[in-house]
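Chemist: Quick one: the structure is below, questions incoming.
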Amino acid sequence: MTSATRGPAGAAFGEPDPEPLTLDDFARLARRRLPPEVWDFIAGGAGRERTLAANEAVFDAVRLRPRALPGVDEPDTSVELLGARWAAPVGIAPVAYHELAHPDGEPATAAAAGALGIPLVVSTFASRTLEEVAHAASAPLWLQLYCFRDHGTTLDLARRARDSGYQALVLTVDTPFTGRRLRDLRNGFAVPAHITPANLAGSAAAGSATPGAHSRLAFDRGLDWSFVARLHAVSGLPVLAKGVLTASDAEAAVRAGVAGVVVSNHGGRQLDGVPATLEALPEVVAAVRGRVPVLLDGGVRTGADILAALALGARAVLVGRPALYALAAGGGPGVRRMLALLTAEFADTMVLTGHPTTGTIGPDTLSPPRPGPPQPGSPPPGPTTVPRTAPHTDRSHG
């Protein structure tokens, strides 16, 4: 991160990069290092990217209630999930092909996260094998799964995860095929030939260099909630449902036997125009009624964002793009610094709002009006909201 600045082609400009102090700083560094089409693949969203923008905009609207003389010295940032203790209520969300960001790929991410006690959710489309990632990890690993038309492929991945020490499976439930991502279509994006889905073979891997077209051929569109029980029976691992935004889907997930629910809109990469995840969180939490833990991903960029999600009922959050930005900016050490910054911000926010443990964070930490559906006559969140940093026409820091 202190090396010479590099452009998309990797040529040094001679000026050292400033040390990143925020997650947005990592995004700016990554954008300078990555080829434009790779940057767009990672940073972009579906359609007009309204949901992509809204994920962050709704967090920007949150107002916290500070507490004077709170008497909190060193807060306990840890949280327990599915029988494991996390150092902070934050993990790394599943993102495909870490080797697009850095040659060291997923093992570097896993090692960096493990050094801080932060879990990693490994993507079905990881560029390294499940076993390689497990060898590098020292914190909990979960495996994210898409269901392929050949169910045997998905079930074999679940068994391999169990045998490699993964602690849970995360079934993506909002993706019968991937969303229409205009940046990738305009760029004619294809995953470079030297980067492959290391855990897939045969029909499941055929054509995977073009992710959108591949998903329409390979994913099982007839999937229903009965597959949760099947995954659990085959693997013995708890199964979480990722991609829940409504009370009815939350109830269906719990009835199906999930061990947790992840409120997610696929980082704004799936159906454009759906609610931001922080908007959807209270409805899902109310429907779940404490029967299983609720997590959230999408738009988390600060420690205050983590606290806001916990205040509205999430047990933990997951961050996706920031991990790849940090990996591109500085390899494994970059990921470690990014996570250290995020968790330190969260600890500071806990102290300033008077919370000694994560268990004391509740709705009274937020000032009304709390995040929710826009009121009549109010501007919609998203592109009309002032961004946190200097605007890019492509909203690329999303």
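Residues are named by chain letter and number: chains run A, B, ... in the order of the structure tokens, numbers start at 1 in each chain, and ligands are numbered from 1 in the order shown.
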Do a neighbour search on Asp40 (chain A) at 8 Å with only C-alpha atoms, toss out local chain neighbours closer than 2 positions, and write the hits as a PyMOL selection string.
Modeler: chain A and resi 36-38+42-44+183-184+396
Chemist: Atoms to include: N, CA, C and O atoms. Write the selected residues as a JSON list (two decimals), in the first residue's frame.
Modeler:
[["chain", "number", "residue", "atom", "x", "y", "z"],
["A", 36, "PRO", "N", -9.87, -1.73, -16.14],
["A", 36, "PRO", "CA", -11.22, -1.15, -16.03],
["A", 36, "PRO", "C", -12.34, -2.17, -16.07],
["A", 36, "PRO", "O", -13.32, -2.06, -15.33],
["A", 37, "GLU", "N", -12.21, -3.19, -16.92],
["A", 37, "GLU", "CA", -13.30, -4.16, -17.03],
["A", 37, "GLU", "C", -13.40, -5.04, -15.78],
["A", 37, "GLU", "O", -14.49, -5.48, -15.39],
["A", 38, "VAL", "N", -12.26, -5.29, -15.12],
["A", 38, "VAL", "CA", -12.28, -6.05, -13.86],
["A", 38, "VAL", "C", -12.88, -5.19, -12.75],
["A", 38, "VAL", "O", -13.69, -5.66, -11.94],
["A", 42, "ILE", "N", -16.33, -6.10, -10.50],
["A", 42, "ILE", "CA", -16.39, -6.15, -9.04],
["A", 42, "ILE", "C", -17.31, -5.06, -8.50],
["A", 42, "ILE", "O", -18.15, -5.31, -7.63],
["A", 43, "ALA", "N", -17.19, -3.85, -9.01],
["A", 43, "ALA", "CA", -17.87, -2.70, -8.42],
["A", 43, "ALA", "C", -19.30, -2.52, -8.91],
["A", 43, "ALA", "O", -20.11, -1.89, -8.23],
["A", 44, "GLY", "N", -19.62, -3.07, -10.06],
["A", 44, "GLY", "CA", -20.89, -2.76, -10.68],
["A", 44, "GLY", "C", -22.08, -3.48, -10.09],
["A", 44, "GLY", "O", -21.95, -4.40, -9.28],
["A", 183, "ARG", "N", -22.62, -2.93, -17.09],
["A", 183, "ARG", "CA", -21.19, -2.68, -17.28],
["A", 183, "ARG", "C", -20.51, -3.87, -17.95],
["A", 183, "ARG", "O", -19.70, -3.71, -18.87],
["A", 184, "ASP", "N", -20.83, -5.07, -17.46],
["A", 184, "ASP", "CA", -20.20, -6.27, -18.02],
["A", 184, "ASP", "C", -20.63, -6.49, -19.47],
["A", 184, "ASP", "O", -19.82, -6.90, -20.31],
["A", 396, "SER", "N", -18.76, 3.83, -8.68],
["A", 396, "SER", "CA", -17.85, 2.71, -8.65],
["A", 396, "SER", "C", -17.37, 2.33, -7.26],
["A", 396, "SER", "O", -16.81, 1.27, -7.08]]
Chemist: Any chance you could list, as JSON, numbers by chain, the residues in region 62-108 of chain A that come up strand (DSSP E or B) when DSSP is run on the backbone?
Modeler: {"A": [64, 76, 79, 80, 81, 84, 85, 86, 90, 91, 92]}
Chemist: From the list A:Ala87, A:Ser264, A:Gln167, A:Val254, which residue is nearest Gly236 (chain A) when using only C-alpha atoms?
Modeler: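 Ranked by minimum distance to Gly236 (chain A), first place goes to A:Gln167.
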Chemist: Neighbours of Ala206 (chain A) within 10 Å (only C-alpha atoms; same-chain residues fewer than 4 positions away dropped), as a VMD selection string?
Modeler: chain A and resid 197 200 to 202 210 214 217 to 218
Chemist: Could the residues in this selection be written to a file with N, CA, C and O atoms, as an mmCIF file, in the first residue's frame?
Modeler:
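Below is the file that was written, again.cif:
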data_model
loop_
_atom_site.group_PDB
_atom_site.id
_atom_site.type_symbol
_atom_site.label_atom_id
_atom_site.label_comp_id
_atom_site.auth_asym_id
_atom_site.auth_seq_id
_atom_site.Cartn_x
_atom_site.Cartn_y
_atom_site.Cartn_z
ATOM 1 N N PRO A 197 -13.085 -21.406 -11.978
ATOM 2 C CA PRO A 197 -13.768 -21.825 -10.755
ATOM 3 C C PRO A 197 -13.158 -23.139 -10.271
ATOM 4 O O PRO A 197 -13.512 -24.228 -10.741
ATOM 5 N N LEU A 200 -15.212 -26.412 -9.440
ATOM 6 C CA LEU A 200 -16.228 -26.907 -10.357
ATOM 7 C C LEU A 200 -15.580 -27.626 -11.524
ATOM 8 O O LEU A 200 -14.449 -27.328 -11.909
ATOM 9 N N ALA A 201 -16.340 -28.573 -12.101
ATOM 10 C CA ALA A 201 -15.865 -29.307 -13.264
ATOM 11 C C ALA A 201 -17.070 -29.681 -14.115
ATOM 12 O O ALA A 201 -18.226 -29.519 -13.703
ATOM 13 N N GLY A 202 -16.813 -30.154 -15.320
ATOM 14 C CA GLY A 202 -17.870 -30.637 -16.182
ATOM 15 C C GLY A 202 -18.851 -29.559 -16.567
ATOM 16 O O GLY A 202 -18.492 -28.406 -16.805
ATOM 17 N N THR A 210 -18.013 -16.431 -18.843
ATOM 18 C CA THR A 210 -19.014 -15.374 -19.005
ATOM 19 C C THR A 210 -20.120 -15.621 -17.972
ATOM 20 O O THR A 210 -21.071 -16.373 -18.234
ATOM 21 N N HIS A 214 -23.517 -18.065 -18.274
ATOM 22 C CA HIS A 214 -23.314 -19.347 -17.603
ATOM 23 C C HIS A 214 -24.414 -19.617 -16.584
ATOM 24 O O HIS A 214 -24.945 -20.727 -16.506
ATOM 25 N N LEU A 217 -27.621 -21.034 -17.952
ATOM 26 C CA LEU A 217 -27.541 -22.421 -18.408
ATOM 27 C C LEU A 217 -27.358 -23.400 -17.248
ATOM 28 O O LEU A 217 -27.900 -24.509 -17.279
ATOM 29 N N ALA A 218 -26.599 -22.983 -16.221
ATOM 30 C CA ALA A 218 -26.147 -23.941 -15.214
ATOM 31 C C ALA A 218 -26.980 -23.975 -13.943
ATOM 32 O O ALA A 218 -27.036 -25.011 -13.268
#
Chemist: With a distance cut-off of 9 Å and only C-alpha atoms, select the neighbouring residues of Asn265 (chain A), excluding the residue or stretch itself and same-chain residues fewer than 6 positions from it, and output the selection as a VMD selection string.
Modeler: chain A and resid 51 to 52 55 174 242 to 245 271 to 272 274 to 277 297 to 298
Chemist: Write the residues you've just listed into a file as a compact mmCIF listing (two decimals), in the first residue's frame, and include N, CA, C and O atoms for each of them.
Modeler:
# COMPACT_ATOMS: atom_id res chain seq x y z
N THR A 51 -30.33 0.05 -6.67
CA THR A 51 -30.19 -0.67 -5.41
C THR A 51 -28.76 -0.63 -4.92
O THR A 51 -28.51 -0.51 -3.71
N LEU A 52 -27.80 -0.72 -5.83
CA LEU A 52 -26.40 -0.60 -5.46
C LEU A 52 -26.16 0.71 -4.71
O LEU A 52 -25.53 0.73 -3.64
N ASN A 55 -28.01 0.92 -1.12
CA ASN A 55 -27.43 0.18 0.01
C ASN A 55 -26.59 1.09 0.90
O ASN A 55 -26.67 1.03 2.13
N ASP A 174 -31.72 -16.03 -3.93
CA ASP A 174 -32.31 -14.97 -4.77
C ASP A 174 -31.75 -14.99 -6.19
O ASP A 174 -31.87 -14.00 -6.91
N LYS A 242 -29.33 -16.99 2.14
CA LYS A 242 -28.83 -15.65 1.80
C LYS A 242 -29.62 -15.09 0.63
O LYS A 242 -29.73 -15.72 -0.42
N GLY A 243 -30.18 -13.89 0.84
CA GLY A 243 -30.95 -13.24 -0.22
C GLY A 243 -32.38 -13.00 0.18
O GLY A 243 -33.26 -12.88 -0.68
N VAL A 244 -32.63 -12.88 1.49
CA VAL A 244 -33.98 -12.69 2.01
C VAL A 244 -34.22 -11.20 2.26
O VAL A 244 -33.41 -10.53 2.90
N LEU A 245 -35.35 -10.67 1.75
CA LEU A 245 -35.68 -9.26 1.90
C LEU A 245 -37.08 -9.02 2.43
O LEU A 245 -37.44 -7.86 2.70
N LEU A 271 -31.64 -8.07 -8.63
CA LEU A 271 -32.84 -7.38 -9.13
C LEU A 271 -32.74 -5.91 -8.76
O LEU A 271 -32.85 -5.55 -7.58
N ASP A 272 -32.54 -5.05 -9.73
CA ASP A 272 -32.42 -3.63 -9.44
C ASP A 272 -33.77 -3.06 -9.06
O ASP A 272 -34.81 -3.41 -9.65
N VAL A 274 -34.95 -3.22 -5.80
CA VAL A 274 -35.42 -3.77 -4.52
C VAL A 274 -34.89 -2.89 -3.39
O VAL A 274 -34.02 -2.05 -3.58
N PRO A 275 -35.42 -3.06 -2.17
CA PRO A 275 -34.98 -2.20 -1.07
C PRO A 275 -33.51 -2.39 -0.72
O PRO A 275 -32.93 -3.47 -0.94
N ALA A 276 -32.93 -1.35 -0.18
CA ALA A 276 -31.63 -1.48 0.45
C ALA A 276 -31.74 -2.46 1.61
O ALA A 276 -32.80 -2.61 2.23
N THR A 277 -30.65 -3.13 1.92
CA THR A 277 -30.74 -4.17 2.94
C THR A 277 -31.08 -3.61 4.32
O THR A 277 -31.82 -4.25 5.07
N ASP A 297 -25.86 -8.14 4.64
CA ASP A 297 -24.76 -7.65 3.82
C ASP A 297 -25.29 -6.59 2.87
O ASP A 297 -26.49 -6.44 2.68
N GLY A 298 -24.35 -5.81 2.30
CA GLY A 298 -24.74 -4.77 1.35
C GLY A 298 -24.60 -3.37 1.91
O GLY A 298 -25.39 -2.95 2.74
Chemist: Among region 98-307 of chain A, which residues does DSSP mark as alpha helix (DSSP H) when it is run on the backbone? Keep the chain and numbering as in the structure and answer as a PyMOL selection string.
Modeler: chain A and resi 105-115+130-136+151-163+182-187+211-218+226-235+247-255+277-288+303-307
Chemist: Compile the contact shell of Gly303 (chain A) as JSON, numbers by chain: residues with an atom at most 9 Å away, counting only C-alpha atoms, same-chain residues fewer than 4 positions apart removed.
Modeler: {"A": [307, 308, 341, 342, 343, 344, 345, 346, 347, 348, 349, 350]}
Chemist: Take the residues from that selection and put them in a file with N, CA and C atoms, as an mmCIF file, in the first residue's frame.
Modeler:
data_model
loop_
_atom_site.group_PDB
_atom_site.id
_atom_site.type_symbol
_atom_site.label_atom_id
_atom_site.label_comp_id
_atom_site.auth_asym_id
_atom_site.auth_seq_id
_atom_site.Cartn_x
_atom_site.Cartn_y
_atom_site.Cartn_z
ATOM 1 N N LEU A 307 -22.778 -0.933 13.693
ATOM 2 C CA LEU A 307 -23.589 -0.686 14.878
ATOM 3 C C LEU A 307 -25.040 -0.429 14.505
ATOM 4 N N ALA A 308 -25.282 0.290 13.414
ATOM 5 C CA ALA A 308 -26.655 0.555 12.983
ATOM 6 C C ALA A 308 -27.377 -0.742 12.646
ATOM 7 N N LEU A 341 -9.154 -1.662 10.454
ATOM 8 C CA LEU A 341 -9.773 -0.332 10.455
ATOM 9 C C LEU A 341 -11.261 -0.426 10.767
ATOM 10 N N LEU A 342 -11.937 -1.358 10.111
ATOM 11 C CA LEU A 342 -13.384 -1.478 10.278
ATOM 12 C C LEU A 342 -13.744 -1.870 11.702
ATOM 13 N N THR A 343 -13.037 -2.825 12.262
ATOM 14 C CA THR A 343 -13.360 -3.264 13.619
ATOM 15 C C THR A 343 -12.961 -2.224 14.659
ATOM 16 N N ALA A 344 -11.882 -1.476 14.394
ATOM 17 C CA ALA A 344 -11.513 -0.398 15.318
ATOM 18 C C ALA A 344 -12.560 0.706 15.301
ATOM 19 N N GLU A 345 -13.073 1.041 14.114
ATOM 20 C CA GLU A 345 -14.160 2.027 14.030
ATOM 21 C C GLU A 345 -15.381 1.549 14.809
ATOM 22 N N PHE A 346 -15.682 0.260 14.689
ATOM 23 C CA PHE A 346 -16.840 -0.283 15.409
ATOM 24 C C PHE A 346 -16.628 -0.187 16.916
ATOM 25 N N ALA A 347 -15.444 -0.522 17.391
ATOM 26 C CA ALA A 347 -15.165 -0.420 18.825
ATOM 27 C C ALA A 347 -15.300 1.022 19.305
ATOM 28 N N ASP A 348 -14.781 1.967 18.530
ATOM 29 C CA ASP A 348 -14.908 3.378 18.909
ATOM 30 C C ASP A 348 -16.380 3.793 18.964
ATOM 31 N N THR A 349 -17.160 3.341 17.996
ATOM 32 C CA THR A 349 -18.576 3.708 17.967
ATOM 33 C C THR A 349 -19.313 3.105 19.154
ATOM 34 N N MET A 350 -18.934 1.892 19.555
ATOM 35 C CA MET A 350 -19.532 1.292 20.747
ATOM 36 C C MET A 350 -19.278 2.156 21.986
#
Chemist: Need to verify the contact set: Thr196 (chain A), 8 Å, only C-alpha atoms, exclusion of same-chain residues closer than 5 positions in sequence. Can you return it as a list in words?
Modeler: Tyr97, Ser127, Val191, Ser208 and Ala209 of chain A
Chemist: Please produce a file of those selected residues containing all heavy atoms, as a tab-separated table (two decimals), in the first residue's frame.
Modeler:
chain	number	residue	atom	x	y	z
A	97	TYR	N	-13.97	-15.28	-7.42
A	97	TYR	CA	-12.70	-15.05	-8.12
A	97	TYR	C	-11.81	-14.00	-7.45
A	97	TYR	O	-11.52	-12.95	-8.03
A	97	TYR	CB	-12.97	-14.65	-9.57
A	97	TYR	CG	-13.74	-15.66	-10.38
A	97	TYR	CD1	-14.93	-15.30	-11.02
A	97	TYR	CD2	-13.28	-16.97	-10.52
A	97	TYR	CE1	-15.64	-16.22	-11.77
A	97	TYR	CE2	-14.00	-17.89	-11.27
A	97	TYR	CZ	-15.18	-17.52	-11.90
A	97	TYR	OH	-15.89	-18.42	-12.64
A	127	SER	N	-11.58	-18.96	-6.80
A	127	SER	CA	-10.51	-19.27	-7.75
A	127	SER	C	-9.46	-20.21	-7.16
A	127	SER	O	-8.49	-20.54	-7.83
A	127	SER	CB	-9.85	-17.98	-8.25
A	127	SER	OG	-9.53	-17.13	-7.17
A	191	VAL	N	-14.07	-13.65	-17.66
A	191	VAL	CA	-13.03	-13.94	-16.68
A	191	VAL	C	-11.79	-14.39	-17.44
A	191	VAL	O	-11.88	-15.24	-18.34
A	191	VAL	CB	-13.49	-15.04	-15.70
A	191	VAL	CG1	-12.39	-15.37	-14.70
A	191	VAL	CG2	-14.76	-14.62	-14.99
A	208	SER	N	-18.15	-20.86	-17.83
A	208	SER	CA	-18.18	-20.00	-16.64
A	208	SER	C	-17.39	-18.71	-16.82
A	208	SER	O	-17.50	-17.79	-16.01
A	208	SER	CB	-17.64	-20.74	-15.41
A	208	SER	OG	-16.34	-21.25	-15.65
A	209	ALA	N	-16.61	-18.59	-17.89
A	209	ALA	CA	-15.86	-17.34	-18.13
A	209	ALA	C	-16.79	-16.17	-18.38
A	209	ALA	O	-16.42	-15.01	-18.15
A	209	ALA	CB	-14.90	-17.51	-19.30
Chemist: Hey, could you make a per-residue contact list for region 67-90 of chain A against region 140-144 of chain A with 10 Å as the cut-off, showing the nearest pair of atoms and its distance in Å to one decimal, counting only C-alpha atoms, sorted by chain and number, as a tab-separated table?
Modeler:
residue	atom	partner	partner_atom	distance
A:Ala84	CA	A:Pro140	CA	7.4
A:Arg85	CA	A:Pro140	CA	8.7
A:Trp86	CA	A:Pro140	CA	8.1
Chemist: Write out as a compact mmCIF listing (two decimals) with N, CA and C atoms, in the first residue's frame which residues come within 9 Å of Asp150 (chain A) when counting only C-alpha atoms, dropping same-chain ones fewer than 3 positions away.
Modeler:
# COMPACT_ATOMS: atom_id res chain seq x y z
N CYS A 147 -27.24 -23.53 -6.44
CA CYS A 147 -27.69 -24.86 -6.79
C CYS A 147 -27.67 -25.03 -8.30
N THR A 153 -23.49 -31.87 -8.17
CA THR A 153 -22.38 -30.93 -8.06
C THR A 153 -22.47 -30.14 -6.76
N THR A 154 -23.65 -29.61 -6.47
CA THR A 154 -23.83 -28.81 -5.26
C THR A 154 -23.67 -29.66 -4.01
N SER A 203 -20.15 -29.93 -16.60
CA SER A 203 -21.17 -29.00 -17.05
C SER A 203 -21.30 -27.79 -16.13
N ALA A 204 -20.97 -27.95 -14.85
CA ALA A 204 -21.07 -26.84 -13.92
C ALA A 204 -20.05 -25.75 -14.21
N ALA A 218 -26.60 -22.98 -16.22
CA ALA A 218 -26.15 -23.94 -15.21
C ALA A 218 -26.98 -23.98 -13.94
N PHE A 219 -27.64 -22.86 -13.57
CA PHE A 219 -28.34 -22.81 -12.29
C PHE A 219 -29.73 -23.45 -12.40
N ASP A 220 -30.15 -24.07 -11.30
CA ASP A 220 -31.47 -24.72 -11.25
C ASP A 220 -32.54 -23.69 -10.89
Chemist: Find the distance between CA of Ala115 (chain A) and CA of Val319 (chain A) and write it in Å to one decimal.
Modeler: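 For CA of Ala115 (chain A) relative to CA of Val319 (chain A), the distance reads 16.8 Å.
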Chemist: Just to confirm, what's the straight-line distance from CA of Phe59 (chain A) to CA of Ser248 (chain A) in Å (one decimal)?
Modeler: 24.1 Å
Chemist: Nearest to Leu157 (chain A): which of A:Glu106, A:Asp60, A:Glu131, A:Glu283 is it, counting only C-alpha atoms?
Modeler: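 Closest candidate: A:Glu131.
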